[in-house]
file start12.txt (compact mmCIF, C-alpha atoms and all ligand atoms)
# COMPACT_ATOMS: atom_id res chain seq x y z
CA MET A 19 168.12 65.60 -54.29
CA THR A 20 167.64 69.34 -54.59
CA ASN A 21 166.29 71.03 -51.54
CA MET A 22 163.72 73.67 -52.44
CA GLY A 23 163.66 74.58 -48.75
CA ARG A 24 160.96 71.99 -48.22
CA ASP A 25 162.96 68.79 -47.68
CA TRP A 26 164.18 67.93 -44.21
CA LEU A 27 165.19 65.01 -42.08
CA ILE A 28 164.18 65.82 -38.51
CA LYS A 29 166.26 63.47 -36.39
CA GLY A 30 165.85 62.09 -32.92
CA GLY A 31 163.12 64.35 -31.57
CA THR A 32 160.33 63.28 -29.23
CA ILE A 33 157.30 62.98 -31.44
CA ILE A 34 154.05 63.96 -29.79
CA ASP A 35 151.16 63.37 -32.16
CA PRO A 36 147.69 63.50 -30.59
CA SER A 37 146.11 62.44 -33.91
CA THR A 38 147.64 58.96 -33.48
CA GLY A 39 148.46 58.98 -29.77
CA THR A 40 152.16 58.61 -30.65
CA LEU A 41 154.70 59.60 -28.02
CA GLU A 42 158.13 58.28 -29.00
CA VAL A 43 161.61 59.26 -30.10
CA ALA A 44 161.71 58.98 -33.89
CA ASP A 45 162.78 60.64 -37.14
CA ILE A 46 160.53 62.49 -39.56
CA LEU A 47 161.21 62.83 -43.24
CA VAL A 48 159.81 65.82 -45.09
CA GLU A 49 159.93 65.90 -48.88
CA GLY A 50 158.39 68.54 -51.11
CA GLY A 51 156.61 70.08 -48.13
CA GLN A 52 154.91 66.82 -47.14
CA ILE A 53 155.54 64.32 -44.39
CA THR A 54 156.81 61.21 -46.21
CA GLY A 55 158.20 59.14 -43.36
CA VAL A 56 157.99 58.68 -39.61
CA ALA A 57 160.15 55.88 -38.22
CA PRO A 58 162.62 55.13 -35.40
CA SER A 59 165.59 55.67 -37.72
CA ILE A 60 165.48 57.13 -41.21
CA THR A 61 168.56 57.46 -43.41
CA GLN A 62 168.17 59.74 -46.38
CA ARG A 63 171.31 61.10 -47.93
CA GLY A 64 171.43 64.55 -49.38
CA ILE A 65 168.66 66.04 -47.28
CA PRO A 66 169.45 68.70 -44.66
CA VAL A 67 169.15 67.38 -41.15
CA ILE A 68 167.53 69.15 -38.25
CA GLU A 69 168.99 67.71 -35.07
CA ALA A 70 166.01 67.49 -32.72
CA ARG A 71 167.36 65.51 -29.78
CA GLY A 72 165.71 66.80 -26.59
CA LEU A 73 163.07 68.69 -28.57
CA TRP A 74 159.39 67.93 -28.99
CA VAL A 75 158.33 67.52 -32.61
CA VAL A 76 154.61 68.20 -32.79
CA PRO A 77 151.94 68.93 -35.40
CA GLY A 78 152.09 72.63 -36.24
CA LEU A 79 150.26 74.69 -33.65
CA ILE A 80 147.03 76.37 -34.71
CA ASP A 81 145.55 79.50 -33.15
CA ILE A 82 141.90 79.83 -34.12
CA HIS A 83 141.37 83.24 -32.53
CA VAL A 84 143.59 86.17 -33.50
CA HIS A 85 143.01 89.81 -34.43
CA PHE A 86 145.46 90.99 -37.07
CA ARG A 87 143.71 94.37 -37.54
CA ASP A 88 144.39 94.42 -41.27
CA PRO A 89 142.68 96.08 -43.14
CA GLY A 90 142.01 99.31 -41.30
CA TYR A 91 143.92 99.30 -38.04
CA GLU A 92 147.42 98.67 -39.33
CA TYR A 93 148.87 100.90 -36.61
CA LYS A 94 147.97 98.09 -34.16
CA GLU A 95 149.04 95.13 -36.33
CA THR A 96 149.34 94.14 -39.96
CA ILE A 97 149.04 90.76 -41.61
CA GLU A 98 152.87 90.80 -41.95
CA THR A 99 153.60 91.54 -38.29
CA GLY A 100 150.79 89.31 -37.08
CA LEU A 101 152.03 86.34 -39.09
CA ALA A 102 155.62 86.96 -37.98
CA ALA A 103 154.47 86.99 -34.35
CA ALA A 104 152.41 83.83 -34.89
CA GLY A 105 155.41 82.02 -36.37
CA ALA A 106 157.59 83.07 -33.43
CA GLY A 107 154.91 81.70 -31.11
CA GLY A 108 155.08 78.30 -32.85
CA PHE A 109 151.86 78.73 -34.81
CA THR A 110 151.61 77.42 -38.36
CA GLN A 111 148.00 78.44 -38.97
CA VAL A 112 145.77 81.17 -37.59
CA CYS A 113 142.12 82.17 -37.90
CA CYS A 114 141.58 85.94 -38.09
CA MET A 115 138.57 87.66 -36.63
CA ALA A 116 136.40 90.00 -38.66
CA ASN A 117 136.56 93.22 -36.61
CA THR A 118 138.69 94.98 -39.19
CA LEU A 119 137.88 98.25 -41.01
CA PRO A 120 135.93 97.64 -43.15
CA VAL A 121 134.55 94.66 -41.27
CA ASN A 122 135.23 91.37 -43.03
CA ASP A 123 131.62 90.87 -44.08
CA THR A 124 132.13 90.33 -47.82
CA GLY A 125 134.11 88.03 -50.08
CA ALA A 126 136.23 91.00 -51.19
CA ILE A 127 137.70 91.58 -47.72
CA THR A 128 138.15 87.85 -47.15
CA PHE A 129 139.99 87.66 -50.48
CA TYR A 130 142.22 90.61 -49.55
CA MET A 131 143.26 88.91 -46.31
CA VAL A 132 143.94 85.54 -47.92
CA GLU A 133 145.92 87.04 -50.80
CA LYS A 134 147.99 89.31 -48.57
CA ALA A 135 148.87 86.39 -46.32
CA LYS A 136 149.90 84.30 -49.32
CA LYS A 137 152.25 87.09 -50.41
CA VAL A 138 153.77 87.25 -46.93
CA GLY A 139 154.25 83.50 -47.08
CA GLY A 140 154.45 82.67 -43.36
CA PRO A 141 151.90 80.76 -41.31
CA LEU A 142 148.63 80.07 -43.11
CA LEU A 143 145.86 82.59 -42.51
CA HIS A 144 142.18 81.60 -42.52
CA PRO A 145 139.68 84.44 -42.21
CA VAL A 146 136.59 84.16 -40.05
CA GLY A 147 133.88 86.25 -41.69
CA ALA A 148 131.33 88.36 -39.85
CA ILE A 149 127.93 86.91 -38.97
CA THR A 150 126.11 90.18 -39.66
CA LYS A 151 126.79 93.11 -41.95
CA GLU A 152 129.27 95.49 -40.27
CA GLN A 153 128.89 93.33 -37.15
CA LYS A 154 125.81 95.36 -36.35
CA GLY A 155 123.75 92.35 -35.33
CA GLU A 156 120.95 93.20 -37.76
CA SER A 157 121.13 91.56 -41.19
CA LEU A 158 123.17 88.52 -42.14
CA ALA A 159 126.44 88.95 -44.01
CA GLU A 160 127.18 87.26 -47.34
CA MET A 161 128.38 83.99 -45.84
CA GLY A 162 128.49 82.05 -49.11
CA ASP A 163 130.57 84.74 -50.74
CA MET A 164 133.07 84.74 -47.86
CA VAL A 165 133.24 80.94 -47.72
CA ASP A 166 133.97 80.87 -51.47
CA MET A 167 136.92 83.20 -50.83
CA GLY A 168 138.31 81.15 -47.96
CA ALA A 169 136.41 81.97 -44.77
CA VAL A 170 136.33 78.94 -42.48
CA ALA A 171 133.69 80.15 -40.00
CA VAL A 172 131.63 83.20 -39.08
CA SER A 173 131.70 85.29 -35.92
CA ASP A 174 130.75 88.77 -34.79
CA ASP A 175 133.32 88.25 -32.00
CA GLY A 176 133.55 91.35 -29.78
CA ASN A 177 130.17 92.62 -31.04
CA PRO A 178 128.04 89.58 -30.27
CA VAL A 179 124.65 89.21 -31.90
CA MET A 180 122.22 90.34 -29.20
CA ASN A 181 119.02 89.56 -31.09
CA SER A 182 118.21 85.87 -30.55
CA GLU A 183 116.12 85.67 -33.70
CA VAL A 184 119.00 86.98 -35.83
CA MET A 185 121.33 84.47 -34.15
CA ARG A 186 118.92 81.64 -34.87
CA ARG A 187 118.77 82.60 -38.56
CA ALA A 188 122.56 82.94 -38.64
CA MET A 189 122.95 79.40 -37.34
CA GLU A 190 120.47 78.05 -39.88
CA TYR A 191 122.21 79.92 -42.70
CA ALA A 192 125.74 78.87 -41.62
CA SER A 193 124.73 75.22 -41.56
CA HIS A 194 124.13 75.37 -45.34
CA PHE A 195 127.83 76.07 -45.78
CA GLY A 196 129.00 73.47 -43.27
CA ILE A 197 130.85 76.07 -41.19
CA PRO A 198 130.65 76.61 -37.45
CA VAL A 199 129.23 79.74 -35.88
CA VAL A 200 131.96 81.09 -33.61
CA ASP A 201 130.55 82.84 -30.65
CA HIS A 202 131.77 85.54 -28.26
CA CYS A 203 129.30 85.02 -25.43
CA GLU A 204 128.37 88.29 -23.80
CA ASP A 205 125.11 89.97 -22.93
CA LYS A 206 126.09 93.55 -23.68
CA ASN A 207 123.33 94.93 -21.45
CA LEU A 208 124.70 93.08 -18.44
CA SER A 209 128.33 93.98 -19.15
CA ALA A 210 127.76 97.62 -20.17
CA GLY A 211 130.26 100.05 -18.68
CA GLY A 212 132.27 97.34 -16.93
CA SER A 213 136.04 96.95 -17.18
CA ILE A 214 136.92 94.02 -14.91
CA HIS A 215 135.25 91.00 -13.30
CA GLU A 216 132.42 92.01 -10.96
CA GLY A 217 133.55 90.82 -7.55
CA GLU A 218 135.73 91.59 -4.59
CA VAL A 219 138.49 93.32 -6.60
CA SER A 220 136.12 95.53 -8.60
CA THR A 221 134.46 96.62 -5.35
CA ARG A 222 137.78 97.39 -3.67
CA LEU A 223 139.19 99.28 -6.67
CA GLY A 224 135.95 101.09 -7.42
CA ILE A 225 135.97 99.94 -11.04
CA LYS A 226 132.65 98.91 -12.57
CA GLY A 227 132.40 95.15 -12.92
CA ILE A 228 131.31 92.69 -15.60
CA PRO A 229 129.31 89.88 -13.97
CA SER A 230 129.95 86.24 -14.86
CA ALA A 231 126.27 86.06 -15.74
CA SER A 232 126.84 88.34 -18.74
CA GLU A 233 128.80 85.46 -20.30
CA GLU A 234 126.69 82.62 -18.91
CA VAL A 235 123.37 84.04 -20.13
CA ALA A 236 124.77 84.18 -23.66
CA VAL A 237 126.33 80.71 -23.41
CA ALA A 238 122.97 79.27 -22.31
CA ARG A 239 121.06 81.07 -25.07
CA ASP A 240 123.38 79.90 -27.81
CA LEU A 241 123.46 76.31 -26.55
CA CYS A 242 119.67 76.34 -26.74
CA LEU A 243 119.81 77.76 -30.27
CA ALA A 244 122.39 75.16 -31.32
CA ARG A 245 120.06 72.46 -30.01
CA GLN A 246 117.15 74.02 -31.88
CA THR A 247 119.00 74.43 -35.19
CA GLY A 248 121.45 71.51 -35.04
CA THR A 249 124.21 73.92 -36.11
CA ARG A 250 127.70 73.43 -34.76
CA ILE A 251 128.79 76.31 -32.57
CA HIS A 252 132.19 77.12 -31.13
CA LEU A 253 132.25 79.22 -27.97
CA GLN A 254 135.19 81.57 -27.62
CA HIS A 255 137.32 82.36 -24.58
CA LEU A 256 135.22 80.86 -21.76
CA SER A 257 136.07 82.63 -18.53
CA SER A 258 133.71 81.38 -15.83
CA LYS A 259 133.00 78.17 -13.95
CA GLY A 260 129.31 78.58 -14.75
CA SER A 261 130.06 78.57 -18.49
CA VAL A 262 132.00 75.32 -18.08
CA GLU A 263 129.04 73.75 -16.26
CA LEU A 264 126.69 74.80 -19.06
CA VAL A 265 128.98 73.38 -21.75
CA LYS A 266 129.25 70.11 -19.85
CA TRP A 267 125.44 69.96 -19.69
CA ALA A 268 125.23 70.60 -23.45
CA LYS A 269 127.90 68.06 -24.36
CA ASP A 270 126.21 65.41 -22.23
CA LEU A 271 123.02 66.07 -24.22
CA GLY A 272 124.87 65.80 -27.52
CA ILE A 273 124.44 69.46 -28.51
CA PRO A 274 127.06 70.19 -31.21
CA VAL A 275 129.35 72.55 -29.29
CA THR A 276 133.08 73.06 -28.91
CA CYS A 277 134.83 75.75 -26.92
CA GLU A 278 138.15 77.41 -26.20
CA VAL A 279 139.99 79.03 -23.31
CA THR A 280 142.76 81.62 -23.51
CA PRO A 281 146.19 81.30 -21.89
CA HIS A 282 145.52 84.43 -19.83
CA HIS A 283 142.34 83.01 -18.30
CA LEU A 284 144.32 79.86 -17.45
CA ALA A 285 147.18 81.79 -15.84
CA LEU A 286 145.72 84.89 -14.22
CA THR A 287 142.85 86.04 -12.00
CA HIS A 288 141.26 89.43 -11.31
CA GLN A 289 143.91 89.92 -8.65
CA ALA A 290 146.29 90.83 -11.49
CA VAL A 291 144.19 93.98 -11.99
CA GLU A 292 145.20 95.30 -8.56
CA SER A 293 148.33 96.63 -10.25
CA TYR A 294 146.08 98.87 -12.41
CA ASP A 295 148.17 97.60 -15.32
CA THR A 296 145.90 98.09 -18.34
CA SER A 297 147.48 95.13 -20.10
CA THR A 298 145.30 93.02 -17.76
CA LYS A 299 142.18 94.63 -19.26
CA VAL A 300 140.59 92.05 -21.51
CA ASN A 301 137.15 90.95 -22.55
CA PRO A 302 135.93 88.65 -21.08
CA PRO A 303 137.72 89.80 -17.94
CA LEU A 304 140.10 87.80 -15.76
CA ARG A 305 137.92 86.21 -13.09
CA THR A 306 138.39 84.42 -9.75
CA GLN A 307 140.73 81.65 -8.66
CA GLU A 308 137.73 79.31 -8.55
CA ASP A 309 136.91 80.14 -12.18
CA ARG A 310 140.55 79.69 -13.18
CA GLN A 311 140.72 76.27 -11.49
CA ALA A 312 137.51 75.19 -13.23
CA LEU A 313 138.92 76.25 -16.63
CA ILE A 314 142.17 74.33 -16.08
CA GLU A 315 140.31 71.18 -15.01
CA ALA A 316 137.85 71.45 -17.91
CA LEU A 317 140.72 71.79 -20.37
CA ALA A 318 142.46 68.73 -18.94
CA GLN A 319 139.23 66.72 -19.05
CA GLY A 320 138.23 67.75 -22.58
CA ILE A 321 135.10 69.71 -21.61
CA ILE A 322 137.03 72.66 -23.04
CA ASP A 323 138.36 71.52 -26.39
CA CYS A 324 141.21 73.86 -27.17
CA VAL A 325 143.36 76.86 -26.34
CA ALA A 326 143.21 80.02 -28.48
CA SER A 327 145.14 83.19 -27.74
CA ASP A 328 142.56 85.88 -28.60
CA HIS A 329 145.64 87.80 -29.75
CA ALA A 330 144.39 91.40 -29.51
CA PRO A 331 147.20 93.88 -30.17
CA HIS A 332 146.62 97.54 -29.32
CA SER A 333 148.83 100.61 -29.57
CA LEU A 334 150.40 102.25 -26.54
CA LYS A 335 148.08 105.24 -26.82
CA GLU A 336 145.06 102.96 -26.36
CA LYS A 337 146.55 101.28 -23.31
CA ASP A 338 148.56 104.03 -21.64
CA VAL A 339 145.43 105.67 -20.20
CA GLU A 340 143.20 105.27 -17.13
CA TYR A 341 141.97 101.73 -16.61
CA ASP A 342 138.35 102.56 -17.45
CA LEU A 343 139.36 104.15 -20.74
CA ALA A 344 141.84 101.54 -21.95
CA ALA A 345 141.05 99.19 -24.83
CA PHE A 346 140.25 95.57 -24.04
CA GLY A 347 142.80 93.04 -25.26
CA ILE A 348 146.04 91.15 -24.76
CA SER A 349 148.74 90.61 -27.37
CA GLY A 350 149.06 86.88 -26.80
CA VAL A 351 150.19 84.87 -29.79
CA GLU A 352 153.88 84.90 -28.80
CA THR A 353 153.34 83.85 -25.18
CA ALA A 354 150.46 81.36 -25.60
CA LEU A 355 152.60 78.23 -25.86
CA GLY A 356 154.90 79.22 -23.00
CA VAL A 357 151.96 79.98 -20.72
CA VAL A 358 150.22 76.68 -21.52
CA LEU A 359 153.46 74.78 -20.95
CA GLN A 360 153.56 76.10 -17.38
CA LEU A 361 150.53 73.87 -16.78
CA VAL A 362 152.51 70.93 -18.15
CA HIS A 363 155.46 71.69 -15.89
CA GLU A 364 153.05 71.93 -12.93
CA GLY A 365 151.60 68.50 -13.81
CA LYS A 366 148.14 69.89 -14.61
CA LEU A 367 148.19 68.95 -18.30
CA THR A 368 150.03 66.09 -19.99
CA PRO A 369 152.30 67.02 -22.91
CA MET A 370 149.94 65.07 -25.21
CA ARG A 371 146.87 66.98 -24.03
CA ALA A 372 148.69 70.31 -24.26
CA ILE A 373 149.58 69.66 -27.91
CA GLU A 374 146.10 68.37 -28.64
CA THR A 375 144.59 71.62 -27.33
CA LEU A 376 147.00 73.72 -29.39
CA SER A 377 146.95 71.78 -32.65
CA THR A 378 144.83 68.69 -33.25
CA ALA A 379 141.64 70.03 -31.63
CA PRO A 380 141.77 73.47 -33.30
CA ALA A 381 142.26 71.78 -36.71
CA ARG A 382 139.20 69.61 -36.10
CA ILE A 383 137.06 72.54 -34.90
CA MET A 384 137.82 74.70 -37.94
CA GLY A 385 138.00 71.84 -40.44
CA LEU A 386 141.61 72.61 -41.32
CA GLU A 387 144.19 70.28 -42.78
CA GLY A 388 146.90 69.70 -40.17
CA GLY A 389 147.02 68.84 -36.50
CA SER A 390 148.71 65.54 -37.39
CA LEU A 391 152.13 64.14 -38.24
CA LYS A 392 150.79 61.22 -40.27
CA VAL A 393 152.54 60.36 -43.53
CA GLY A 394 150.87 62.25 -46.37
CA GLN A 395 150.03 65.29 -44.24
CA PRO A 396 151.43 68.72 -45.18
CA ALA A 397 154.60 69.32 -43.19
CA HIS A 398 153.17 71.83 -40.73
CA ILE A 399 155.48 71.05 -37.83
CA THR A 400 156.53 72.86 -34.66
CA LEU A 401 159.70 72.00 -32.78
CA ILE A 402 159.54 72.92 -29.13
CA ASP A 403 162.30 73.06 -26.55
CA PRO A 404 160.29 72.21 -23.43
CA GLU A 405 163.13 73.11 -21.07
CA LYS A 406 164.19 76.44 -22.57
CA THR A 407 163.60 79.24 -20.10
CA TRP A 408 163.07 82.72 -21.47
CA ARG A 409 161.88 86.05 -20.21
CA VAL A 410 158.92 87.82 -21.81
CA LYS A 411 160.19 91.17 -23.10
CA PRO A 412 157.48 93.18 -24.85
CA GLU A 413 160.07 95.26 -26.72
CA LYS A 414 161.38 92.04 -28.30
CA MET A 415 157.96 90.83 -29.44
CA LEU A 416 157.39 90.79 -33.18
CA SER A 417 153.77 91.84 -32.80
CA LYS A 418 153.15 95.58 -32.92
CA GLY A 419 151.04 95.07 -29.79
CA LYS A 420 153.24 95.18 -26.71
CA ASN A 421 150.22 94.87 -24.40
CA THR A 422 151.04 91.78 -22.39
CA PRO A 423 150.37 91.09 -18.70
CA PHE A 424 153.20 88.54 -18.85
CA ALA A 425 155.95 91.16 -19.28
CA GLY A 426 158.93 90.15 -17.17
CA TRP A 427 157.65 86.61 -16.56
CA GLU A 428 160.10 83.78 -16.94
CA LEU A 429 158.48 81.02 -18.98
CA LYS A 430 159.82 77.52 -19.56
CA GLY A 431 159.22 76.07 -23.02
CA LYS A 432 159.47 77.74 -26.41
CA ALA A 433 158.98 77.06 -30.10
CA VAL A 434 162.40 76.87 -31.73
CA ILE A 435 161.39 75.99 -35.29
CA THR A 436 158.05 76.63 -36.97
CA MET A 437 157.60 74.92 -40.32
CA VAL A 438 154.74 75.45 -42.77
CA GLU A 439 154.51 72.99 -45.67
CA GLY A 440 158.17 72.21 -45.08
CA LYS A 441 159.21 75.87 -45.16
CA VAL A 442 160.88 77.18 -42.01
CA VAL A 443 158.99 80.38 -41.15
CA TRP A 444 160.58 80.86 -37.74
CA LYS A 445 163.82 79.70 -36.22
CA ASP A 446 165.13 80.56 -32.79
CA GLU A 447 168.66 81.94 -33.06
CA THR A 448 169.96 79.24 -30.70
CA ILE A 449 168.99 76.40 -33.05
CA GLY A 450 171.24 75.07 -35.78
CA GLU A 451 170.88 72.57 -38.56
CA SER A 452 173.50 70.62 -40.46
CA GLY A 453 173.64 71.01 -44.22
CA ASN A 454 174.01 67.53 -45.59
CA ASP A 455 174.29 65.06 -42.80
CA GLN A 456 175.16 61.53 -43.91
CA ARG A 457 173.95 59.69 -40.79
O1 LIG B 1 139.75 91.76 -25.17
C1 LIG B 1 139.26 91.69 -26.29
N1 LIG B 1 139.78 92.32 -27.35
N2 LIG B 1 138.13 90.97 -26.45
C2 LIG B 1 137.44 90.98 -27.59
O2 LIG B 1 136.44 90.32 -27.65
C3 LIG B 1 137.89 91.78 -28.76
C4 LIG B 1 139.34 92.03 -28.67
C5 LIG B 1 139.80 93.12 -29.61
O3 LIG B 1 139.40 93.09 -30.78
O4 LIG B 1 140.60 93.95 -29.21

call {"tool": "encode", "arguments": {"input": "start12.txt", "output": "structure tokens"}}
result
Amino acid sequence: MTNMGRDWLIKGGTIIDPSTGTLEVADILVEGGQITGVAPSITQRGIPVIEARGLWVVPGLIDIHVHFRDPGYEYKETIETGLAAAGAGGFTQVCCMANTLPVNDTGAITFYMVEKAKKVGGPLLHPVGAITKEQKGESLAEMGDMVDMGAVAVSDDGNPVMNSEVMRRAMEYASHFGIPVVDHCEDKNLSAGGSIHEGEVSTRLGIKGIPSASEEVAVARDLCLARQTGTRIHLQHLSSKGSVELVKWAKDLGIPVTCEVTPHHLALTHQAVESYDTSTKVNPPLRTQEDRQALIEALAQGIIDCVASDHAPHSLKEKDVEYDLAAFGISGVETALGVVLQLVHEGKLTPMRAIETLSTAPARIMGLEGGSLKVGQPAHITLIDPEKTWRVKPEKMLSKGKNTPFAGWELKGKAVITMVEGKVVWKDETIGESGNDQR
């Protein structure tokens, strides 16, 4: 059999597939970029073998919240560097936010992003179009046009729609296309001028705070609008305990809502800001230990559906300034898996739930193919060494954004092979494969 780079026998790994609940040591056969076999022992001569003993073999990870800055801000990130970083983080698919220049509010920009990503040929890129023209919160963007070109959802992300009537119409319009409205929940009047969580640390440091209520007010409004319109909404990067309580209330009522949490809100609190390190400046801000605990528990219980990195690369000149003046954002796609795996090592998440939150749930939320290792699925597969310890070195990151609060951290657990439709888009230098194993 000729290997077009898309045929593999992945032998002896621990398969963790949340789509079937499978947790067992088995082999996976990949032919022509598709999964064609999953069984305790597969013999297939002439196909290159990936020796996966001791590794987790999981459905390709999916990050539904990244900023690749292309077009317009290529000095921060490009589609090439963003996809390379995503692959190194174990991600096989990403959803890109619309705050580019020009804003992705037309089919032409969506098309540009999709076509450029295809040329790069790494992880799959799915644009999220803007809700309103230029993300100004006034008139609705051409959703149908963007969906035709490949947009999987709409969001005004960092510039949330403040006018409730416009948001209501956006939800009604989006429902015609069967796409979710993806929602950065922030009342900009309440958060105006703030840089960190409003609380004990902001008072001590004399930095203007962003109250939890600025998120919770917007969460409550949009849950009410989702109930009114019946449109599916997805809430981004929840940061407060109050938001979790509201989502639980909505889910109990059957309101069509899903939500995400970022690795940094799971791992850090506002105490990290005491260093004045601007890489801790992010929107929504890092909050209290009580909030962090509530987010971890909600993720384990399924009240929070998934993890998304909110990968927000910035240049040094935007971060190497006074805290108040620094840009909001963390370059997170390369550390997301490692940070989430710390919760597994601490016994706070099971391996199955961790993979569900990073793959199967994001696929379901965005309606993407993937998130499963069933026969017949495209071979989007991530191999993870759960025991590999590694140190976060910003200068080694493939993203142009070196803005990480995890610099110097030792993390345990890393993607060692990232495969998209059977094509290896990332391989850790420590991993080998045998050419034509006859076992
Ligand atoms: O910290 C953030 N950075 N939060 C956002 O909502 C936007 C993002 C960015 O685009 O840099």

call {"tool": "atom_distance", "arguments": {"input": "start12.txt", "atom1": "CA of Val200 (chain A)", "atom2": "CA of Ile34 (chain A)"}}
result
28.2 Å

call {"tool": "closest_atom_pairs", "arguments": {"input": "start12.txt", "of": "region 215-331 of chain A", "to": "region 353-357 of chain A", "cutoff": "10 Å", "atoms": "all atoms listed in the file", "output": "CSV"}}
result
residue,atom,partner,partner_atom,distance
A:Thr280,CA,A:Ala354,CA,8.0
A:Pro281,CA,A:Ala354,CA,5.7
A:His282,CA,A:Val357,CA,7.9
A:Leu284,CA,A:Val357,CA,8.3
A:Ala285,CA,A:Val357,CA,7.1
A:Val325,CA,A:Ala354,CA,8.4
A:Ala326,CA,A:Ala354,CA,7.9
A:Ser327,CA,A:Ala354,CA,6.0
A:Asp328,CA,A:Ala354,CA,9.6
A:His329,CA,A:Ala354,CA,9.1

call {"tool": "axis_aligned_box", "arguments": {"input": "start12.txt", "around": "region 392-401 of chain A", "padding_each_side": "4 Å", "output": "AutoDock Vina command-line options"}}
result
--center_x 154.9 --center_y 66.6 --center_z -39.6 --size_x 17.7 --size_y 20.5 --size_z 21.6

call {"tool": "residues_near_ligand", "arguments": {"input": "start12.txt", "ligand": "ligand LIG 1 (chain B)", "cutoff": "8 Å", "atoms": "all atoms listed in the file", "output": "ChimeraX atom specification"}}
result
/A:85,117,175-177,202,299-303,328-332,345-348

call {"tool": "closest_residue", "arguments": {"input": "start12.txt", "among": "A:Lys406, A:Arg222, A:His255, A:Arg245", "to": "Val84 (chain A)", "atoms": "only C-alpha atoms"}}
result
A:His255

call {"tool": "residues_around", "arguments": {"input": "start12.txt", "residues": "Glu428 (chain A)", "least_positions_apart": "6", "cutoff": "10 Å", "atoms": "all atoms listed in the file", "output": "PyMOL selection string"}}
result
chain A and resi 356-357+407-411

call {"tool": "closest_residue", "arguments": {"input": "start12.txt", "among": "A:Leu101, A:Val362, A:Ile321, A:Glu234", "to": "Lys137 (chain A)", "atoms": "only C-alpha atoms"}}
result
A:Leu101

call {"tool": "residues_near_point", "arguments": {"input": "start12.txt", "point": "(151.5, 63.1, -28.3)", "cutoff": "8 Å", "atoms": "all atoms listed in the file", "output": "PyMOL selection string"}}
result
chain A and resi 33-41+76+369-371+373-374

call {"tool": "write_last_selection", "arguments": {"input": "start12.txt", "atoms": "C-alpha atoms", "output": "PDB file, keeping the file's coordinate frame"}}
result
ATOM      1  CA  ILE A  33     157.300  62.980 -31.440  1.00  0.00           C
ATOM      2  CA  ILE A  34     154.050  63.960 -29.790  1.00  0.00           C
ATOM      3  CA  ASP A  35     151.160  63.370 -32.160  1.00  0.00           C
ATOM      4  CA  PRO A  36     147.690  63.500 -30.590  1.00  0.00           C
ATOM      5  CA  SER A  37     146.110  62.440 -33.910  1.00  0.00           C
ATOM      6  CA  THR A  38     147.640  58.960 -33.480  1.00  0.00           C
ATOM      7  CA  GLY A  39     148.460  58.980 -29.770  1.00  0.00           C
ATOM      8  CA  THR A  40     152.160  58.610 -30.650  1.00  0.00           C
ATOM      9  CA  LEU A  41     154.700  59.600 -28.020  1.00  0.00           C
ATOM     10  CA  VAL A  76     154.610  68.200 -32.790  1.00  0.00           C
ATOM     11  CA  PRO A 369     152.300  67.020 -22.910  1.00  0.00           C
ATOM     12  CA  MET A 370     149.940  65.070 -25.210  1.00  0.00           C
ATOM     13  CA  ARG A 371     146.870  66.980 -24.030  1.00  0.00           C
ATOM     14  CA  ILE A 373     149.580  69.660 -27.910  1.00  0.00           C
ATOM     15  CA  GLU A 374     146.100  68.370 -28.640  1.00  0.00           C
TER      16      GLU A 374
END

call {"tool": "residues_around", "arguments": {"input": "start12.txt", "residues": "Ala116 (chain A)", "least_positions_apart": "5", "cutoff": "7 Å", "atoms": "only C-alpha atoms", "output": "NGL selection string"}}
result
:A and (121-122 or 146-148 or 174)

call {"tool": "atom_distance", "arguments": {"input": "start12.txt", "atom1": "CA of Thr124 (chain A)", "atom2": "CA of Ala159 (chain A)"}}
result
7.0 Å

call {"tool": "closest_residue", "arguments": {"input": "start12.txt", "among": "A:Lys266, A:Lys392, A:His288, A:Arg63", "to": "Ser220 (chain A)", "atoms": "only C-alpha atoms"}}
result
A:His288

call {"tool": "atom_distance", "arguments": {"input": "start12.txt", "atom1": "CA of Glu340 (chain A)", "atom2": "CA of Leu208 (chain A)"}}
result
22.2 Å

call {"tool": "closest_residue", "arguments": {"input": "start12.txt", "among": "A:Ala102, A:Gln254, A:Glu308, A:Val265", "to": "Cys324 (chain A)", "atoms": "all atoms listed in the file"}}
result
A:Gln254

call {"tool": "residues_near_point", "arguments": {"input": "start12.txt", "point": "(124.2, 70.6, -38.5)", "cutoff": "9 Å", "atoms": "only C-alpha atoms", "output": "PDB file with C-alpha atoms, in the coordinates of the input"}}
result
ATOM      1  CA  MET A 189     122.950  79.400 -37.340  1.00  0.00           C
ATOM      2  CA  GLU A 190     120.470  78.050 -39.880  1.00  0.00           C
ATOM      3  CA  ALA A 192     125.740  78.870 -41.620  1.00  0.00           C
ATOM      4  CA  SER A 193     124.730  75.220 -41.560  1.00  0.00           C
ATOM      5  CA  HIS A 194     124.130  75.370 -45.340  1.00  0.00           C
ATOM      6  CA  GLY A 196     129.000  73.470 -43.270  1.00  0.00           C
ATOM      7  CA  PRO A 198     130.650  76.610 -37.450  1.00  0.00           C
ATOM      8  CA  ALA A 244     122.390  75.160 -31.320  1.00  0.00           C
ATOM      9  CA  THR A 247     119.000  74.430 -35.190  1.00  0.00           C
ATOM     10  CA  GLY A 248     121.450  71.510 -35.040  1.00  0.00           C
ATOM     11  CA  THR A 249     124.210  73.920 -36.110  1.00  0.00           C
ATOM     12  CA  ARG A 250     127.700  73.430 -34.760  1.00  0.00           C
ATOM     13  CA  PRO A 274     127.060  70.190 -31.210  1.00  0.00           C
TER      14      PRO A 274
END
